[in-house]
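Let me begin by presenting the structure, written as structure tokens, before commenting on it.
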Amino acid sequence: MFVFLGPPGAGKGTLAKRLSEVLHIPHISTGDIFREEMAKGTALGKLAKQYIDKGDLVPDSIVSEIVKGRLSQKDCEKGFILDGFPRTLQQAEALEEMSNELHRPLKAVVNLQVSEEEIIRRLSGRRICRNCGAIFHIVNMPPKKEGICDFCGGELYQREDDTPEAIRHRLQVYHQQTEPLIRLYKEKGLLVDINAERPIEETIQHLVKIAEGNDLH
Ligand code: AP5
């Protein structure tokens, strides 16, 4: 089990998706799960939207229940990458319980480090495919055709929580509620700091080496 930790826009989704393809293990993003539910208009989606659009965290009990259900699915038996969970000390405790129950120890927590200036640049230029969830950036990773996904031809959109106001709030929430996890996992000897300002392929190669060294499957 592999956890990706980092501020909004650090590249968690981009890197975790690529790494999951290389390692052939699922990429589980709590943010993606909520966005799918929001797109379908389910009760969970409607509830999550009230928090997400403002940049607040969805309550711990709801997120932990969803992750628990997802981790018990068959495709997680060979390992998985968790992106965006845990995000609070309470979620970290819930994850520890899940990992004990599933006999799947946490092997490493990758802490993606990016400056705040770069985060703002990345989030304000991000575009997502409405259909397949692929991530683009209008400058760093532009689609071949403006507004259209390279992979499925779907429409690209800007997330509601990528407005300057919501970004500022998400960063505050990250510093208050998620940053304490860095110390927690450092003390447990699980933290791996990664400079995530480098080109994606360079970072992926570094992550693959770490994964191989840690037997993350
Ligand atoms: P979530 O979707 O997890 O959002 P986040 O943590 O704010 O992270 P982002 O998705 O914004 O960024 P990222 O680090 O994945 O960066 P990306 O790869 O897209 O969660 C959304 C919301 O859901 C939360 O605010 C909360 O409300 C709720 N939620 C989710 N999990 C929860 C939990 N556990 N508890 C409670 N609530 C929860 O990259 C960003 C941009 O940069 C892209 O455009 C990309 O193309 C570009 N980029 C990436 N890497 C590079 C690079 N190396 N060089 C250049 N450009 C790059």
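For the structure tokens, the naming scheme is as follows: chains receive sequential letters (A, B, ...) according to their order of presentation, residues are indexed from 1 within each chain, and ligands are indexed from 1 in presentation order.
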
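Contact shell of Glu116 in chain A at 10 Å (only C-alpha atoms; same-chain neighbours under 4 positions omitted): A:Pro7, A:Pro8, A:Gly9, A:Ala10, A:Ile120, A:Arg121, A:Arg122, A:Leu171.
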
*May I ask you to write as a PyMOL selection string all residues lying at most 7 Å from ligand 1, with only C-alpha atoms and all ligand atoms counted?*
chain A and resi 6-15+29-32+34+51-52+55-60+63+83-87+122-123+125-127+135-137+140-141+170+196-200

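Proximity of A:Cys149, A:Ala166, A:Leu181, A:Ala108 to Gly213 in chain A, computed with only C-alpha atoms, is greatest for A:Ala108.
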
*Just asking: which residues within range 165-205 of chain A are helix (DSSP H, G or I) according to DSSP, as a ChimeraX atom specification?*
/A:165-178,180-187,200-205

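Distance annotation: of A:Arg159, A:Leu191, A:Glu21, A:Pro180, the residue with the minimal separation from Val109 in chain A is A:Leu191; atom set is only C-alpha atoms.
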
*asked:* Set the distance at 12 Å and use only C-alpha atoms: which residues neighbour Phe151 in chain A once local chain neighbours fewer than 6 positions away are removed? I'd like the list as a PyMOL selection string.
replied: chain A and resi 128-136+143-145

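Of the residues listed (A:Glu202, A:Pro164, A:Gln113, A:Leu47), A:Gln113 shows the shortest atom-to-atom separation from Ile182 in chain A; distances use only C-alpha atoms.
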
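The shortest atom-to-atom distance to Ile66 in chain A, with only C-alpha atoms taken into account, belongs to A:Glu37 out of A:Glu93, A:Glu118, A:Glu37, A:Asp150.
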
*asked:* Using DSSP secondary structure from the backbone, list all strand (DSSP E or B) positions within range 6-214 of chain A, as an MDAnalysis selection string.
replied: chainID A and resid 27:29 81:83 108:113 126:129 135:137 141 145 148 155:157 191:195

*Contact residues around Leu82 in chain A with only C-alpha atoms at 8 Å, ignoring same-chain residues under 6 positions, as a list of chain:residue names*: A:Met1, A:Phe2, A:Val3, A:Phe4, A:His27, A:Ile28, A:Ser29

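Picture a line from CA of Ser72 in chain A to CA of Pro105 in chain A; it runs 14.0 Å.
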
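Interatomic distance, CA of Ala92 in chain A to CA of Leu5 in chain A: 11.5 Å.
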
*asked:* Excluding Leu102 in chain A and its own-chain neighbours fewer than 6 positions away, which residues fall within 12 Å of it when counting only C-alpha atoms? Please give them as a list of chain:residue names.
replied: A:Met1, A:Lys68, A:Gly69, A:Arg70, A:Leu71, A:Ser72, A:Gln73, A:Lys74, A:Cys76, A:Glu77, A:Lys78, A:Gly79, A:Leu95, A:Glu96
